[in-house]
$ cat coords.cif   # mmCIF, N, CA and C atoms
data_query
#
loop_
_atom_site.group_PDB
_atom_site.id
_atom_site.type_symbol
_atom_site.label_atom_id
_atom_site.label_comp_id
_atom_site.auth_asym_id
_atom_site.auth_seq_id
_atom_site.Cartn_x
_atom_site.Cartn_y
_atom_site.Cartn_z
ATOM 1 N N MET A 254 123.163 92.743 80.829
ATOM 2 C CA MET A 254 122.441 93.959 80.538
ATOM 3 C C MET A 254 122.597 94.899 81.725
ATOM 4 N N SER A 255 123.157 96.057 81.489
ATOM 5 C CA SER A 255 123.305 97.011 82.581
ATOM 6 C C SER A 255 122.136 97.983 82.575
ATOM 7 N N VAL A 256 121.736 98.355 83.779
ATOM 8 C CA VAL A 256 120.638 99.295 83.929
ATOM 9 C C VAL A 256 121.160 100.498 84.692
ATOM 10 N N ASP A 257 120.871 101.652 84.188
ATOM 11 C CA ASP A 257 121.267 102.906 84.814
ATOM 12 C C ASP A 257 120.519 103.069 86.135
ATOM 13 N N LEU A 258 121.239 103.453 87.177
ATOM 14 C CA LEU A 258 120.629 103.662 88.488
ATOM 15 C C LEU A 258 119.497 104.675 88.416
ATOM 16 N N ASN A 259 119.634 105.680 87.573
ATOM 17 C CA ASN A 259 118.564 106.677 87.413
ATOM 18 C C ASN A 259 117.293 106.046 86.843
ATOM 19 N N GLU A 260 117.445 105.067 85.954
ATOM 20 C CA GLU A 260 116.277 104.376 85.401
ATOM 21 C C GLU A 260 115.551 103.592 86.479
ATOM 22 N N ILE A 261 116.316 102.947 87.350
ATOM 23 C CA ILE A 261 115.720 102.183 88.449
ATOM 24 C C ILE A 261 114.970 103.119 89.384
ATOM 25 N N GLU A 262 115.611 104.219 89.741
ATOM 26 C CA GLU A 262 114.971 105.183 90.634
ATOM 27 C C GLU A 262 113.711 105.765 90.015
ATOM 28 N N GLN A 263 113.740 106.068 88.725
ATOM 29 C CA GLN A 263 112.562 106.616 88.056
ATOM 30 C C GLN A 263 111.445 105.586 87.994
ATOM 31 N N ALA A 264 111.787 104.340 87.737
ATOM 32 C CA ALA A 264 110.777 103.284 87.716
ATOM 33 C C ALA A 264 110.137 103.137 89.091
ATOM 34 N N GLU A 265 110.939 103.258 90.134
ATOM 35 C CA GLU A 265 110.418 103.175 91.492
ATOM 36 C C GLU A 265 109.449 104.326 91.771
ATOM 37 N N VAL A 266 109.832 105.528 91.386
ATOM 38 C CA VAL A 266 108.964 106.696 91.572
ATOM 39 C C VAL A 266 107.666 106.520 90.793
ATOM 40 N N ASP A 267 107.779 106.067 89.548
ATOM 41 C CA ASP A 267 106.585 105.860 88.714
ATOM 42 C C ASP A 267 105.652 104.827 89.331
ATOM 43 N N LEU A 268 106.210 103.735 89.839
ATOM 44 C CA LEU A 268 105.395 102.690 90.460
ATOM 45 C C LEU A 268 104.727 103.217 91.726
ATOM 46 N N GLU A 269 105.472 103.943 92.537
ATOM 47 C CA GLU A 269 104.893 104.518 93.753
ATOM 48 C C GLU A 269 103.739 105.453 93.421
ATOM 49 N N GLU A 270 103.923 106.295 92.412
ATOM 50 C CA GLU A 270 102.865 107.223 92.011
ATOM 51 C C GLU A 270 101.634 106.467 91.524
ATOM 52 N N TRP A 271 101.852 105.414 90.742
ATOM 53 C CA TRP A 271 100.738 104.618 90.233
ATOM 54 C C TRP A 271 99.989 103.947 91.378
ATOM 55 N N LEU A 272 100.737 103.411 92.340
ATOM 56 C CA LEU A 272 100.090 102.753 93.478
ATOM 57 C C LEU A 272 99.251 103.744 94.279
ATOM 58 N N VAL A 273 99.783 104.937 94.516
ATOM 59 C CA VAL A 273 99.043 105.971 95.246
ATOM 60 C C VAL A 273 97.777 106.346 94.471
ATOM 61 N N GLU A 274 97.879 106.477 93.155
ATOM 62 C CA GLU A 274 96.704 106.805 92.334
ATOM 63 C C GLU A 274 95.638 105.719 92.458
ATOM 64 N N GLN A 275 96.073 104.464 92.441
ATOM 65 C CA GLN A 275 95.116 103.358 92.531
ATOM 66 C C GLN A 275 94.390 103.365 93.871
ATOM 67 N N VAL A 276 95.133 103.562 94.951
ATOM 68 C CA VAL A 276 94.520 103.604 96.283
ATOM 69 C C VAL A 276 93.580 104.807 96.379
ATOM 70 N N ALA A 277 94.006 105.939 95.844
ATOM 71 C CA ALA A 277 93.176 107.143 95.885
ATOM 72 C C ALA A 277 91.874 106.961 95.105
ATOM 73 N N SER A 278 91.908 106.094 94.088
ATOM 74 C CA SER A 278 90.691 105.873 93.294
ATOM 75 C C SER A 278 89.838 104.731 93.849
ATOM 76 N N GLY A 279 90.264 104.184 95.005
ATOM 77 C CA GLY A 279 89.406 103.216 95.677
ATOM 78 C C GLY A 279 89.845 101.766 95.621
ATOM 79 N N VAL A 280 90.951 101.470 94.995
ATOM 80 C CA VAL A 280 91.422 100.087 94.950
ATOM 81 C C VAL A 280 92.000 99.739 96.323
ATOM 82 N N PRO A 281 91.511 98.659 96.955
ATOM 83 C CA PRO A 281 92.037 98.282 98.265
ATOM 84 C C PRO A 281 93.531 97.935 98.200
ATOM 85 N N GLU A 282 94.248 98.336 99.230
ATOM 86 C CA GLU A 282 95.689 98.105 99.267
ATOM 87 C C GLU A 282 96.033 96.621 99.194
ATOM 88 N N LEU A 283 95.242 95.767 99.844
ATOM 89 C CA LEU A 283 95.528 94.333 99.799
ATOM 90 C C LEU A 283 95.380 93.766 98.386
ATOM 91 N N VAL A 284 94.478 94.326 97.610
ATOM 92 C CA VAL A 284 94.339 93.908 96.207
ATOM 93 C C VAL A 284 95.626 94.232 95.458
ATOM 94 N N LEU A 285 96.148 95.433 95.657
ATOM 95 C CA LEU A 285 97.392 95.828 94.986
ATOM 96 C C LEU A 285 98.559 94.964 95.431
ATOM 97 N N VAL A 286 98.652 94.684 96.712
ATOM 98 C CA VAL A 286 99.733 93.836 97.229
ATOM 99 C C VAL A 286 99.668 92.455 96.585
ATOM 100 N N ASN A 287 98.473 91.882 96.526
ATOM 101 C CA ASN A 287 98.334 90.551 95.923
ATOM 102 C C ASN A 287 98.647 90.560 94.435
ATOM 103 N N LEU A 288 98.232 91.609 93.734
ATOM 104 C CA LEU A 288 98.556 91.717 92.311
ATOM 105 C C LEU A 288 100.067 91.795 92.103
ATOM 106 N N LEU A 289 100.730 92.627 92.894
ATOM 107 C CA LEU A 289 102.186 92.752 92.769
ATOM 108 C C LEU A 289 102.879 91.420 93.049
ATOM 109 N N ARG A 290 102.411 90.698 94.049
ATOM 110 C CA ARG A 290 102.998 89.387 94.357
ATOM 111 C C ARG A 290 102.807 88.411 93.194
ATOM 112 N N ASP A 291 101.585 88.396 92.654
ATOM 113 C CA ASP A 291 101.303 87.486 91.537
ATOM 114 C C ASP A 291 102.177 87.805 90.325
ATOM 115 N N TYR A 292 102.285 89.101 89.996
ATOM 116 C CA TYR A 292 103.118 89.477 88.862
ATOM 117 C C TYR A 292 104.588 89.189 89.124
ATOM 118 N N ALA A 293 105.033 89.418 90.351
ATOM 119 C CA ALA A 293 106.424 89.111 90.692
ATOM 120 C C ALA A 293 106.692 87.617 90.545
ATOM 121 N N ASP A 294 105.744 86.796 90.956
ATOM 122 C CA ASP A 294 105.894 85.345 90.793
ATOM 123 C C ASP A 294 105.991 84.964 89.321
ATOM 124 N N ASP A 295 105.135 85.574 88.494
ATOM 125 C CA ASP A 295 105.171 85.293 87.053
ATOM 126 C C ASP A 295 106.536 85.652 86.459
ATOM 127 N N VAL A 296 107.033 86.822 86.817
ATOM 128 C CA VAL A 296 108.324 87.273 86.286
ATOM 129 C C VAL A 296 109.436 86.351 86.762
ATOM 130 N N GLU A 297 109.378 85.948 88.023
ATOM 131 C CA GLU A 297 110.394 85.038 88.546
ATOM 132 C C GLU A 297 110.347 83.689 87.834
ATOM 133 N N ASP A 298 109.145 83.161 87.618
ATOM 134 C CA ASP A 298 108.991 81.873 86.932
ATOM 135 C C ASP A 298 109.463 81.941 85.483
ATOM 136 N N LEU A 299 109.107 83.013 84.795
ATOM 137 C CA LEU A 299 109.426 83.139 83.376
ATOM 138 C C LEU A 299 110.849 83.631 83.131
ATOM 139 N N GLY A 300 111.367 84.424 84.059
ATOM 140 C CA GLY A 300 112.707 84.982 83.897
ATOM 141 C C GLY A 300 112.730 86.284 83.108
ATOM 142 N N TYR A 301 111.561 86.810 82.784
ATOM 143 C CA TYR A 301 111.476 88.076 82.061
ATOM 144 C C TYR A 301 110.078 88.652 82.249
ATOM 145 N N VAL A 302 109.905 89.903 81.870
ATOM 146 C CA VAL A 302 108.596 90.554 81.943
ATOM 147 C C VAL A 302 107.898 90.357 80.602
ATOM 148 N N PRO A 303 106.799 89.596 80.593
ATOM 149 C CA PRO A 303 106.073 89.396 79.343
ATOM 150 C C PRO A 303 105.523 90.715 78.811
ATOM 151 N N ARG A 304 105.528 90.859 77.524
ATOM 152 C CA ARG A 304 104.977 92.069 76.922
ATOM 153 C C ARG A 304 103.463 91.985 76.811
ATOM 154 N N MET A 305 102.929 90.778 76.898
ATOM 155 C CA MET A 305 101.482 90.558 76.908
ATOM 156 C C MET A 305 101.189 89.608 78.062
ATOM 157 N N TRP A 306 100.653 90.129 79.143
ATOM 158 C CA TRP A 306 100.438 89.324 80.345
ATOM 159 C C TRP A 306 99.399 88.244 80.156
ATOM 160 N N GLY A 307 98.418 88.450 79.337
ATOM 161 C CA GLY A 307 97.353 87.473 79.183
ATOM 162 C C GLY A 307 97.829 86.116 78.733
ATOM 163 N N ASN A 308 98.939 86.067 77.996
ATOM 164 C CA ASN A 308 99.435 84.802 77.464
ATOM 165 C C ASN A 308 100.664 84.296 78.202
ATOM 166 N N SER A 309 100.991 84.861 79.358
ATOM 167 C CA SER A 309 102.249 84.548 80.025
ATOM 168 C C SER A 309 102.322 83.126 80.554
ATOM 169 N N LYS A 310 101.194 82.493 80.841
ATOM 170 C CA LYS A 310 101.202 81.146 81.409
ATOM 171 C C LYS A 310 101.074 80.064 80.353
ATOM 172 N N GLN A 311 100.963 80.447 79.095
ATOM 173 C CA GLN A 311 100.740 79.446 78.038
ATOM 174 C C GLN A 311 102.029 78.944 77.478
#

$ encode --input "coords.cif" --output "structure tokens"
Amino acid sequence: MSVDLNEIEQAEVDLEEWLVEQVASGVPELVLVNLLRDYADDVEDLGYVPRMWGNSKQ
């Protein structure tokens, strides 16, 4: 599966904007870091991004 470099860059920009919004609304940065690590671990273990995270470990 090939991914367009522009799609990757846009996803990066979108994620950065979302993270800034979360911090601006009061979410501690360490909470966001831990969430990102946990989700990255899930994706690495599963080999894909689940469309429904609640059932990803079942």

$ select_by_dssp --input "coords.cif" --residues "chain A" --states "helix (DSSP H, G or I)" --output "JSON, numbers by chain"
{"A": [258, 259, 260, 261, 262, 263, 264, 265, 266, 267, 268, 269, 270, 271, 272, 273, 274, 275, 276, 277, 282, 283, 284, 285, 286, 287, 288, 289, 290, 291, 292, 293, 294, 295, 296, 297, 298, 299, 306, 307, 308]}

$ residues_around --input "coords.cif" --residues "Tyr292 (chain A)" --least-positions-apart "4" --cutoff "12 Å" --atoms "only C-alpha atoms" --output "list in words"
Leu285, Val286, Asn287, Leu288, Val296, Glu297, Asp298, Leu299, Gly300, Tyr301, Val302, Pro303, Trp306, Gly307, Ser309 and Lys310 of chain A

$ atom_distance --input "coords.cif" --atom1 "atom N of Ala293 (chain A)" --atom2 "atom N of Asp257 (chain A)"
20.9 Å

$ atom_distance --input "coords.cif" --atom1 "atom C of Glu262 (chain A)" --atom2 "CA of Glu274 (chain A)"
17.2 Å

$ atom_distance --input "coords.cif" --atom1 "CA of Glu265 (chain A)" --atom2 "CA of Arg290 (chain A)"
15.9 Å
